[in-house]
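Trainee: File upload.txt follows (compact mmCIF, C-alpha atoms):
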```txt
# COMPACT_ATOMS: atom_id res chain seq x y z
CA SER A 22 -37.25 22.47 0.13
CA PHE A 23 -35.48 19.16 -0.50
CA THR A 24 -36.04 15.75 -2.07
CA VAL A 25 -35.72 12.36 -0.35
CA SER A 26 -35.04 9.19 -2.30
CA ASP A 27 -35.20 5.64 -0.88
CA PRO A 28 -34.88 2.47 -3.05
CA GLN A 29 -37.53 0.81 -0.86
CA GLY A 30 -40.04 3.61 -1.43
CA SER A 31 -41.72 5.89 1.07
CA ALA A 32 -42.72 3.24 3.61
CA GLY A 33 -41.18 3.94 7.03
CA VAL A 34 -39.24 7.02 5.90
CA THR A 35 -39.00 9.68 8.58
CA VAL A 36 -37.16 12.98 8.65
CA THR A 37 -36.19 14.79 11.83
CA GLY A 38 -34.20 17.94 12.50
CA THR A 39 -31.90 19.06 15.29
CA SER A 40 -30.18 22.34 16.12
CA ASN A 41 -26.83 22.73 17.83
CA ASN A 42 -27.76 26.19 19.15
CA PRO A 43 -30.98 26.14 21.21
CA ASN A 44 -30.43 29.77 22.24
CA LEU A 45 -31.10 30.66 18.60
CA ILE A 46 -33.23 27.83 17.17
CA LEU A 47 -34.83 25.06 19.22
CA SER A 48 -34.94 21.59 17.72
CA SER A 49 -38.66 21.60 18.44
CA ASP A 50 -38.97 24.62 16.16
CA ILE A 51 -37.76 22.69 13.13
CA THR A 52 -40.83 21.60 11.17
CA ILE A 53 -40.72 19.07 8.33
CA ALA A 54 -43.70 19.10 5.97
CA GLY A 55 -44.68 17.86 2.55
CA THR A 56 -45.26 14.50 0.85
CA TYR A 57 -42.52 12.04 -0.03
CA PRO A 58 -40.30 12.61 -1.97
CA ASN A 59 -40.71 16.42 -1.91
CA LEU A 60 -40.37 17.89 1.55
CA THR A 61 -39.81 21.31 3.11
CA VAL A 62 -38.16 22.45 6.31
CA THR A 63 -39.39 25.52 8.21
CA LEU A 64 -37.42 27.13 11.02
CA LYS A 65 -38.35 29.54 13.80
CA HIS A 66 -35.79 31.47 15.80
CA GLN A 67 -35.86 33.04 19.24
CA ALA A 68 -36.91 36.69 19.42
CA ASN A 69 -34.27 39.36 18.87
CA VAL A 70 -31.29 37.01 18.86
CA THR A 71 -28.54 37.14 16.27
CA GLY A 72 -26.25 34.19 15.57
CA THR A 73 -25.59 30.95 13.69
CA ALA A 74 -27.03 27.48 14.21
CA LEU A 75 -26.00 24.19 12.58
CA ILE A 76 -29.17 22.40 11.47
CA THR A 77 -28.94 18.64 10.88
CA LEU A 78 -31.65 16.72 9.04
CA LYS A 79 -31.74 12.97 9.62
CA VAL A 80 -33.52 10.76 7.06
CA SER A 81 -34.26 7.20 8.26
CA ASP A 82 -36.19 4.20 6.94
CA ASN A 83 -35.92 2.14 10.17
CA THR A 84 -32.89 0.30 8.78
CA ASN A 85 -30.55 2.87 7.35
CA PHE A 86 -30.18 6.59 7.79
CA THR A 87 -28.33 9.53 6.33
CA THR A 88 -27.84 13.10 7.51
CA LYS A 89 -27.52 16.50 5.87
CA SER A 90 -26.29 19.57 7.75
CA PHE A 91 -26.34 23.27 6.92
CA ASN A 92 -25.71 26.55 8.75
CA VAL A 93 -28.42 29.15 9.32
CA ASN A 94 -27.40 32.75 9.99
CA VAL A 95 -30.10 34.80 11.70
CA THR A 96 -30.38 38.57 11.94
CA PRO A 97 -33.95 39.16 13.14
CA VAL A 98 -36.06 42.06 11.91
CA ALA A 99 -37.19 44.28 14.76
CA GLN A 100 -40.85 44.03 15.74
CA TYR A 101 -42.69 47.27 16.48
CA TYR A 102 -45.88 47.87 18.40
CA TRP A 103 -47.87 50.70 16.81
CA ASP A 104 -49.81 53.14 18.96
CA VAL A 105 -51.18 56.70 18.70
CA LEU A 106 -48.92 59.43 20.05
CA ALA A 107 -51.31 62.31 19.34
CA GLY A 108 -54.51 63.07 17.45
CA ASN A 109 -57.93 61.47 17.48
CA GLY A 110 -59.06 61.43 13.86
CA THR A 111 -60.95 64.71 14.01
CA ALA A 112 -59.59 67.52 11.83
CA GLY A 113 -58.67 70.58 13.88
CA ILE A 114 -55.96 72.65 15.55
CA THR A 115 -56.66 71.93 19.20
CA ASP A 116 -53.61 71.70 21.44
CA GLY A 117 -53.64 69.12 24.20
CA THR A 118 -52.17 65.82 25.32
CA GLY A 119 -52.36 62.66 23.23
CA THR A 120 -55.79 62.04 21.75
CA ALA A 121 -57.11 65.33 23.16
CA ALA A 122 -55.14 67.15 20.46
CA THR A 123 -56.25 67.47 16.85
CA PHE A 124 -54.42 67.90 13.54
CA ASN A 125 -55.57 68.83 10.06
CA ALA A 126 -53.62 66.81 7.49
CA PRO A 127 -50.22 66.39 9.18
CA TRP A 128 -47.45 66.05 6.59
CA GLN A 129 -43.73 65.91 7.36
CA ILE A 130 -42.51 65.24 10.88
CA ALA A 131 -39.04 65.85 12.33
CA VAL A 132 -37.47 64.76 15.61
CA ASP A 133 -34.94 66.73 17.66
CA THR A 134 -32.12 65.42 19.86
CA VAL A 135 -34.37 65.00 22.91
CA ASN A 136 -37.24 63.26 21.07
CA ASN A 137 -39.56 66.23 20.59
CA LEU A 138 -41.51 66.03 17.33
CA TYR A 139 -42.31 68.88 14.96
CA VAL A 140 -45.25 68.56 12.57
CA ALA A 141 -46.09 70.52 9.44
CA ASP A 142 -49.89 70.68 9.74
CA PHE A 143 -50.73 71.14 6.09
CA ASN A 144 -54.36 72.27 6.08
CA SER A 145 -54.27 74.32 9.27
CA GLY A 146 -51.22 76.36 8.25
CA THR A 147 -49.53 75.77 11.60
CA ILE A 148 -46.40 74.13 12.98
CA ARG A 149 -46.99 71.86 15.94
CA LYS A 150 -44.64 70.47 18.58
CA ILE A 151 -45.15 67.19 20.42
CA THR A 152 -43.17 66.30 23.55
CA PRO A 153 -42.21 62.66 24.26
CA ALA A 154 -45.16 62.59 26.67
CA GLY A 155 -47.53 63.48 23.81
CA VAL A 156 -48.18 67.12 24.80
CA VAL A 157 -49.07 69.07 21.64
CA THR A 158 -48.57 72.85 21.29
CA THR A 159 -48.68 75.20 18.33
CA ILE A 160 -45.33 76.98 18.01
CA ALA A 161 -46.03 79.00 14.86
CA GLY A 162 -48.84 79.95 12.51
CA SER A 163 -52.07 81.87 13.00
CA ALA A 164 -54.12 79.29 11.09
CA SER A 165 -54.60 81.82 8.26
CA SER A 166 -53.08 81.10 4.86
CA GLY A 167 -50.23 83.33 3.74
CA ASN A 168 -46.49 84.00 3.73
CA LEU A 169 -46.30 86.62 6.49
CA ASP A 170 -43.17 86.83 8.65
CA ASN A 171 -43.54 88.09 12.21
CA ALA A 172 -41.58 88.44 15.43
CA ASN A 173 -44.48 86.73 17.15
CA PRO A 174 -44.57 83.24 15.60
CA LEU A 175 -48.28 82.82 16.34
CA LEU A 176 -49.03 85.86 14.16
CA ALA A 177 -47.00 84.58 11.22
CA THR A 178 -48.79 82.79 8.40
CA PHE A 179 -47.86 79.76 6.31
CA LYS A 180 -49.32 78.60 3.02
CA LYS A 181 -49.84 74.84 3.26
CA PRO A 182 -46.72 73.91 5.27
CA ARG A 183 -45.55 70.58 3.91
CA GLY A 184 -41.96 70.12 5.09
CA VAL A 185 -40.41 70.64 8.49
CA GLY A 186 -36.93 70.13 9.94
CA VAL A 187 -35.11 70.99 13.14
CA ASP A 188 -31.42 71.59 13.83
CA ASN A 189 -29.47 70.75 16.97
CA ASN A 190 -30.02 74.28 18.30
CA GLY A 191 -33.80 73.88 18.18
CA ASN A 192 -34.40 76.15 15.19
CA VAL A 193 -37.25 74.92 13.00
CA TYR A 194 -37.41 75.13 9.19
CA VAL A 195 -40.57 74.95 7.07
CA SER A 196 -41.29 74.48 3.36
CA GLU A 197 -44.61 75.68 1.98
CA GLY A 198 -46.47 73.36 -0.38
CA GLY A 199 -49.28 75.68 -1.39
CA GLY A 200 -47.24 78.34 -3.14
CA GLY A 201 -44.55 79.97 -1.08
CA TYR A 202 -41.11 79.90 0.45
CA ILE A 203 -38.67 78.27 2.85
CA ARG A 204 -39.17 79.70 6.33
CA LYS A 205 -37.25 79.65 9.59
CA ILE A 206 -38.65 79.71 13.12
CA ALA A 207 -35.87 80.77 15.49
CA TYR A 208 -35.58 79.07 18.87
CA ASN A 209 -34.48 81.10 21.87
CA SER A 210 -32.68 78.67 24.19
CA ALA A 211 -32.40 81.23 27.01
CA ASN A 212 -36.16 81.20 27.66
CA GLY A 213 -37.41 78.29 25.54
CA THR A 214 -39.53 80.46 23.23
CA TYR A 215 -39.85 80.65 19.45
CA GLY A 216 -39.61 83.59 17.05
CA PRO A 217 -39.16 85.47 14.92
CA VAL A 218 -40.41 83.74 11.77
CA THR A 219 -38.34 84.76 8.74
CA THR A 220 -38.05 83.83 5.07
CA LEU A 221 -34.87 82.19 3.78
CA ALA A 222 -33.49 82.96 0.31
CA SER A 223 -36.73 84.61 -0.74
CA SER A 224 -35.68 84.74 -4.39
CA LEU A 225 -36.11 80.95 -4.62
CA GLY A 226 -39.83 81.07 -3.86
CA SER A 227 -42.97 82.69 -5.15
CA SER A 228 -46.72 82.56 -4.73
CA THR A 229 -46.79 79.68 -7.23
CA THR A 230 -43.79 77.66 -6.01
CA LEU A 231 -44.83 74.27 -4.63
CA TRP A 232 -42.25 72.92 -2.19
CA GLY A 233 -42.01 69.32 -1.09
CA MET A 234 -40.28 68.17 2.08
CA LEU A 235 -36.95 69.42 3.43
CA VAL A 236 -34.02 68.37 5.58
CA VAL A 237 -31.51 70.44 7.52
CA THR A 238 -27.97 69.64 8.59
CA PRO A 239 -27.56 69.15 12.36
CA ASP A 240 -25.66 72.43 12.75
CA GLY A 241 -28.36 74.33 10.89
CA SER A 242 -25.95 75.67 8.29
CA THR A 243 -27.66 74.13 5.26
CA VAL A 244 -31.23 73.39 4.24
CA TYR A 245 -32.09 71.09 1.32
CA ALA A 246 -35.60 71.39 -0.08
CA ALA A 247 -37.46 69.54 -2.83
CA ASN A 248 -39.23 71.75 -5.36
CA THR A 249 -42.13 69.84 -6.86
CA SER A 250 -42.75 72.59 -9.42
CA ASP A 251 -39.48 72.32 -11.35
CA LYS A 252 -38.39 68.89 -10.01
CA LYS A 253 -35.14 70.21 -8.56
CA ILE A 254 -33.45 70.04 -5.18
CA TYR A 255 -32.34 73.39 -3.75
CA LYS A 256 -29.54 74.05 -1.27
CA ILE A 257 -29.79 77.05 1.05
CA ASN A 258 -26.92 78.52 3.06
CA THR A 259 -28.62 79.82 6.21
CA ALA A 260 -25.65 82.01 7.21
CA THR A 261 -25.64 84.02 3.98
CA ASN A 262 -29.38 83.54 3.35
CA THR A 263 -28.69 82.50 -0.23
CA GLY A 264 -29.60 79.43 -2.23
CA ALA A 265 -29.35 77.75 -5.60
CA VAL A 266 -30.17 74.53 -7.45
CA PHE A 267 -28.25 71.65 -5.94
CA ALA A 268 -29.46 68.78 -8.15
CA SER A 269 -31.96 68.16 -10.92
CA ILE A 270 -33.98 64.96 -10.69
CA SER A 271 -34.58 63.71 -14.25
CA THR A 272 -38.10 62.40 -13.86
CA THR A 273 -41.66 63.14 -14.85
CA ASN A 274 -42.67 62.70 -11.21
CA ALA A 275 -42.09 65.27 -8.50
CA PRO A 276 -39.42 64.76 -5.83
CA MET A 277 -41.02 64.81 -2.40
CA GLY A 278 -39.29 62.98 0.48
CA LEU A 279 -35.76 63.91 1.57
CA SER A 280 -33.42 62.37 4.13
CA PHE A 281 -29.73 61.80 4.76
CA ASP A 282 -28.01 58.43 4.75
CA ASN A 283 -25.19 57.55 7.13
CA SER A 284 -22.55 58.72 4.66
CA GLY A 285 -23.94 62.22 4.29
CA ASN A 286 -25.59 61.62 0.93
CA LEU A 287 -29.01 63.07 0.29
CA LEU A 288 -31.77 60.58 -0.52
CA VAL A 289 -34.69 61.77 -2.62
CA ARG A 290 -38.00 59.93 -2.88
CA GLU A 291 -40.40 60.49 -5.76
CA MET A 292 -43.98 61.32 -4.93
CA THR A 293 -45.71 58.94 -7.35
CA SER A 294 -43.46 56.20 -8.71
CA GLY A 295 -41.57 55.39 -5.52
CA PHE A 296 -38.16 55.73 -7.18
CA THR A 297 -35.36 56.80 -4.85
CA TYR A 298 -32.30 58.79 -5.85
CA GLN A 299 -29.00 59.31 -4.07
CA VAL A 300 -27.34 62.72 -4.37
CA THR A 301 -23.73 62.95 -3.22
CA PRO A 302 -22.38 66.08 -1.48
CA ALA A 303 -20.97 67.05 -4.89
CA GLY A 304 -24.47 66.93 -6.42
CA VAL A 305 -24.05 63.69 -8.41
CA VAL A 306 -27.42 61.95 -8.84
CA THR A 307 -27.74 58.14 -8.97
CA THR A 308 -30.90 56.06 -9.14
CA ILE A 309 -30.80 53.51 -6.32
CA SER A 310 -34.28 51.98 -6.52
CA PRO A 311 -35.84 50.03 -7.90
CA PRO A 312 -34.49 47.35 -8.23
CA THR A 313 -31.60 47.40 -5.74
CA GLN A 314 -33.53 48.69 -2.74
CA SER A 315 -34.21 46.08 -0.06
CA VAL A 316 -37.42 46.74 1.86
CA VAL A 317 -39.08 45.02 4.78
CA VAL A 318 -42.46 46.01 6.20
CA VAL A 319 -42.35 46.70 9.95
CA GLY A 320 -45.90 47.97 10.28
CA GLY A 321 -49.11 48.05 8.29
CA GLY A 322 -51.50 45.61 6.71
CA GLY A 323 -54.32 45.82 9.21
CA SER A 324 -57.42 47.98 8.93
CA ALA A 325 -56.81 51.73 8.78
CA GLY A 326 -56.12 53.14 12.23
CA ALA A 327 -55.65 49.75 13.89
CA LEU A 328 -53.16 49.50 16.74
CA GLY A 329 -51.00 46.44 17.20
CA LEU A 330 -47.79 44.59 16.50
CA GLY A 331 -46.30 44.78 13.01
CA ALA A 332 -48.73 43.67 10.34
CA ALA A 333 -51.69 43.88 12.72
CA ALA A 334 -51.40 47.68 12.73
CA GLY A 335 -53.07 49.73 10.03
CA PHE A 336 -52.53 53.13 8.40
CA ALA A 337 -54.61 55.10 5.92
CA ASP A 338 -52.31 57.62 4.21
CA ILE A 339 -48.70 57.86 5.39
CA ARG A 340 -46.93 61.07 4.41
CA SER A 341 -43.78 60.98 6.55
CA ILE A 342 -41.66 58.66 8.66
CA ALA A 343 -38.97 59.71 11.14
CA ASP A 344 -36.84 57.75 13.60
CA GLY A 345 -35.97 59.24 16.97
CA PRO A 346 -32.88 58.95 19.20
CA ASN A 347 -35.02 56.77 21.51
CA GLY A 348 -35.32 54.09 18.81
CA PHE A 349 -39.00 54.80 18.14
CA ILE A 350 -40.43 55.30 14.63
CA TYR A 351 -42.90 58.13 14.11
CA VAL A 352 -45.46 58.27 11.30
CA SER A 353 -47.85 60.98 10.15
CA ASP A 354 -51.21 59.63 8.97
CA PHE A 355 -52.59 62.33 6.69
CA ALA A 356 -55.97 60.78 5.89
CA THR A 357 -59.13 62.72 6.70
CA THR A 358 -60.29 59.81 8.84
CA GLU A 359 -57.04 59.68 10.81
CA ASN A 360 -55.16 63.01 11.28
CA LYS A 361 -52.84 61.29 13.73
CA ILE A 362 -49.20 60.96 14.65
CA ARG A 363 -48.42 57.29 15.22
CA VAL A 364 -45.50 55.81 17.11
CA GLY A 365 -43.86 52.42 16.65
CA LYS A 366 -42.01 51.15 19.70
CA PRO A 367 -39.61 48.17 19.55
CA ALA A 368 -41.64 45.31 20.95
CA PRO A 369 -39.05 43.86 23.38
CA SER A 370 -38.47 47.21 25.13
CA LEU A 371 -42.22 47.77 25.25
CA LEU A 372 -43.22 44.34 26.54
CA ASN A 373 -40.06 43.43 28.49
CA PRO A 374 -38.47 46.70 29.72
CA GLY A 375 -35.58 44.91 31.42
CA THR A 376 -32.66 43.03 29.88
CA GLN A 377 -33.87 40.83 27.06
CA SER A 378 -32.90 37.21 27.70
CA THR A 379 -32.07 35.08 24.69
CA LEU A 380 -35.00 32.82 25.56
CA GLU A 381 -37.57 35.55 26.28
CA GLY A 382 -40.35 36.63 23.99
CA THR A 383 -42.30 35.07 21.17
CA ARG A 384 -40.42 33.05 18.61
CA LEU A 385 -40.50 34.70 15.22
CA ALA A 386 -40.73 33.13 11.79
CA PHE A 387 -37.29 32.90 10.19
CA SER A 388 -36.57 35.67 7.72
CA SER A 389 -33.55 36.31 5.53
CA ALA A 390 -34.73 39.84 4.68
CA ASN A 391 -31.91 42.36 4.45
CA LEU A 392 -32.71 45.40 6.61
CA ALA A 393 -30.24 48.25 6.01
CA GLN A 394 -29.46 51.07 8.41
CA LEU A 395 -32.57 52.57 10.01
CA GLY A 396 -33.16 56.09 8.85
CA ALA A 397 -31.65 55.77 5.39
CA LEU A 398 -35.00 56.61 3.87
CA ALA A 399 -36.83 58.27 6.70
CA ASN A 400 -39.59 59.46 4.40
CA ALA A 401 -39.80 56.37 2.19
CA SER A 402 -43.25 54.87 2.43
CA ASP A 403 -46.31 53.88 0.52
CA SER A 404 -49.75 54.94 1.64
CA SER A 405 -50.53 52.11 4.03
CA ASN A 406 -47.34 50.32 5.09
CA VAL A 407 -44.33 51.50 7.02
CA LYS A 408 -41.22 50.54 5.06
CA LEU A 409 -37.58 50.97 5.98
CA ALA A 410 -34.88 50.69 3.39
```
Would you write the structure of this file as structure tokens?

Mentor:
Amino acid sequence: SFTVSDPQGSAGVTVTGTSNNPNLILSSDITIAGTYPNLTVTLKHQANVTGTALITLKVSDNTNFTTKSFNVNVTPVAQYYWDVLAGNGTAGITDGTGTAATFNAPWQIAVDTVNNLYVADFNSGTIRKITPAGVVTTIAGSASSGNLDNANPLLATFKKPRGVGVDNNGNVYVSEGGGGYIRKIAYNSANGTYGPVTTLASSLGSSTTLWGMLVVTPDGSTVYAANTSDKKIYKINTATNTGAVFASISTTNAPMGLSFDNSGNLLVREMTSGFTYQVTPAGVVTTISPPTQSVVVVGGGGSAGALGLGAAAGFADIRSIADGPNGFIYVSDFATTENKIRVGKPAPSLLNPGTQSTLEGTRLAFSSANLAQLGALANASDSSNVKLA
């Protein structure tokens, strides 16, 4: 906003704007609005272009004129188109492709190095795998509730699997949210099969222990799991099959979401308040939000289940967010009316698969929002919007 003053009054006063960088901001996309003397300038920039433009405003009264210039730095927020990867809204445990498959309250999701997804299907007591093509299979769990290990993964039982992670060797790790343990599903790379299912550091769990989500280091050496019963984070050494308290989260709310940032710190998200904590490799806990967290919504705001670009898409009850090596964002929609795994694809690569010209695409409203590294809070969300911090 700005103020214009002319000794002769408002008669004949005009304000125009020009840009010196049309590849970033067109002069025709500079809009002046308001009523003399209080005016505003609104800018739009080209899609997915980063840079700086010098904007010059010229104020004239048909006799005299003056100019005011300022620089605009643009780092556009990515636009995502939200679709359904798998699930059709019906609760069930049917394997199949895309919407032919069913889930029953999918909670945490994890992505491996080749963009396969793993889903902790909370109410069915099973662990599901989704290929990039949307083919869903059950890799472990008999659909009966329990804590039974077995060489045959489909005969093993899980008690409300809530968390799931995968290491770079394809081994899958599960935390039980209905009273149980941390489990491992071994992957056999020689023949592409799974099993056995075993229990890790069994002394940490019990029939009354309620685990939140988990994360695993890429090499599979360490699992971190949130315990919602005692509000602590546990660290498990998978080689020695031992574990202990890694950090205590001083809060009345239960820790739930876990992820790593790009510096190797553990990020912990509370289940109710939305507070986020950073835990260093040495176990030092720091509160990082609110108020310092910068958040921008990249999906959500439409009616529950709606497909579409950004705010046009809708979710009902998000429980987990994960970003894949392919640049896609995956979301589990836990609601009884949804039971779906959603995928957000960067709009330019979806709509314009080739090289993105600086002048292609829809111009986007200017935003100065600060979007930090994708993946820093992979499980940070509220119930209806996808948020990246």

Trainee: For range 162-176 of chain A, please output as a PyMOL selection string all residues within 8 Å (counting all atoms listed in the file; exclusion window: fewer than 3 positions along the same chain).

Mentor: chain A and resi 145-148+159+179-181+201-202+206+215-220

Trainee: If you measure from CA of Gly226 in chain A to CA of Val306 in chain A, what distance in Å do you get, rounded to one decimal?

Mentor: 23.3 Å

Trainee: Rounded to one decimal in Å, what is the spacing between CA of Gly213 in chain A and CA of Ser341 in chain A?

Mentor: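 Computing the Euclidean distance for CA of Gly213 in chain A and CA of Ser341 in chain A yields 26.5 Å.
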
Trainee: Kindly provide the residues of range 176-217 of chain A that approach range 238-257 of chain A to within 12 Å, each paired with its closest atom pair and their distance in Å to one decimal, based on only C-alpha atoms, listed by chain and increasing number, as a Markdown table.

Mentor:
```
| residue | atom | partner | partner_atom | distance |
| --- | --- | --- | --- | --- |
| A:Arg183 | CA | A:Ala247 | CA | 10.6 |
| A:Gly184 | CA | A:Ala246 | CA | 8.3 |
| A:Val185 | CA | A:Ala246 | CA | 9.9 |
| A:Gly186 | CA | A:Val244 | CA | 8.7 |
| A:Val187 | CA | A:Pro239 | CA | 7.8 |
| A:Asp188 | CA | A:Pro239 | CA | 4.8 |
| A:Asn189 | CA | A:Pro239 | CA | 5.2 |
| A:Asn190 | CA | A:Asp240 | CA | 7.3 |
| A:Gly191 | CA | A:Gly241 | CA | 9.1 |
| A:Asn192 | CA | A:Gly241 | CA | 7.6 |
| A:Val193 | CA | A:Gly241 | CA | 9.2 |
| A:Tyr194 | CA | A:Val244 | CA | 8.1 |
| A:Val195 | CA | A:Ala246 | CA | 9.4 |
| A:Ser196 | CA | A:Ala246 | CA | 7.3 |
| A:Glu197 | CA | A:Asn248 | CA | 9.9 |
| A:Gly198 | CA | A:Thr249 | CA | 8.6 |
| A:Gly199 | CA | A:Thr249 | CA | 10.7 |
| A:Gly200 | CA | A:Ser250 | CA | 9.6 |
| A:Gly201 | CA | A:Asn248 | CA | 10.7 |
| A:Tyr202 | CA | A:Ala246 | CA | 10.2 |
| A:Ile203 | CA | A:Ala246 | CA | 8.1 |
| A:Arg204 | CA | A:Val244 | CA | 10.4 |
| A:Lys205 | CA | A:Val244 | CA | 10.2 |
| A:Ile206 | CA | A:Gly241 | CA | 11.8 |
| A:Ala207 | CA | A:Gly241 | CA | 10.9 |
| A:Tyr208 | CA | A:Gly241 | CA | 11.8 |
```

Trainee: Give the answer as one residue: which of A:Ala122, A:Met234, A:Ala222, A:Val318 has the shortest atom-to-atom distance to Leu288 in chain A, using all atoms listed in the file?

Mentor: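 Of A:Ala122, A:Met234, A:Ala222, A:Val318, the one nearest Leu288 in chain A is A:Met234, counting all atoms listed in the file.
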
Trainee: Enter the distance from CA of Met277 in chain A to CA of Ala177 in chain A, in Å, rounded to one decimal.

Mentor: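 CA of Met277 in chain A sits 24.7 Å away from CA of Ala177 in chain A.
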
Trainee: Which residues of range 271-324 of chain A have any atom within 12 Å of an atom in range 129-139 of chain A when counting all atoms listed in the file, and what is the closest pair of atoms for each, with the distance in Å to one decimal? Order the rows by chain and rising number and write it as CSV.

Mentor:
```
residue,atom,partner,partner_atom,distance
A:Met277,CA,A:Gln129,CA,10.2
A:Gly278,CA,A:Gln129,CA,8.7
A:Leu279,CA,A:Gln129,CA,10.1
A:Ser280,CA,A:Ala131,CA,10.5
```

Trainee: Just the residues within 8 Å of Ile46 in chain A, please, counting only C-alpha atoms, with nothing from its chain fewer than 5 positions along; format it as JSON, numbers by chain.

Mentor: {"A": [40, 51, 64, 65, 66, 67, 74]}

Trainee: Output range 240-251 of chain A with N, CA and C atoms present, as a short mmCIF file (atom, residue, chain, number, x, y, z; two decimals), keeping the file's coordinate frame.

Mentor:
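Result file follows (rebuild-v6.cif):
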```cif
data_model
loop_
_atom_site.label_atom_id
_atom_site.label_comp_id
_atom_site.auth_asym_id
_atom_site.auth_seq_id
_atom_site.Cartn_x
_atom_site.Cartn_y
_atom_site.Cartn_z
N ASP A 240 -26.12 71.13 12.26
CA ASP A 240 -25.66 72.43 12.75
C ASP A 240 -26.51 73.59 12.23
N GLY A 241 -27.48 73.30 11.39
CA GLY A 241 -28.36 74.33 10.89
C GLY A 241 -27.77 75.20 9.80
N SER A 242 -26.61 74.83 9.28
CA SER A 242 -25.95 75.67 8.29
C SER A 242 -26.56 75.53 6.90
N THR A 243 -27.19 74.38 6.61
CA THR A 243 -27.66 74.13 5.26
C THR A 243 -29.04 73.47 5.29
N VAL A 244 -29.92 73.98 4.43
CA VAL A 244 -31.23 73.39 4.24
C VAL A 244 -31.32 72.87 2.81
N TYR A 245 -31.80 71.64 2.64
CA TYR A 245 -32.09 71.09 1.32
C TYR A 245 -33.60 70.95 1.21
N ALA A 246 -34.15 71.43 0.10
CA ALA A 246 -35.60 71.39 -0.08
C ALA A 246 -35.95 70.89 -1.48
N ALA A 247 -36.98 70.07 -1.55
CA ALA A 247 -37.46 69.54 -2.83
C ALA A 247 -38.49 70.50 -3.41
N ASN A 248 -38.28 70.89 -4.66
CA ASN A 248 -39.23 71.75 -5.36
C ASN A 248 -40.03 70.89 -6.32
N THR A 249 -41.31 70.71 -6.02
CA THR A 249 -42.13 69.84 -6.86
C THR A 249 -42.57 70.53 -8.14
N SER A 250 -42.36 71.85 -8.22
CA SER A 250 -42.75 72.59 -9.42
C SER A 250 -41.77 72.35 -10.56
N ASP A 251 -40.47 72.50 -10.28
CA ASP A 251 -39.48 72.32 -11.35
C ASP A 251 -38.67 71.05 -11.21
#
```
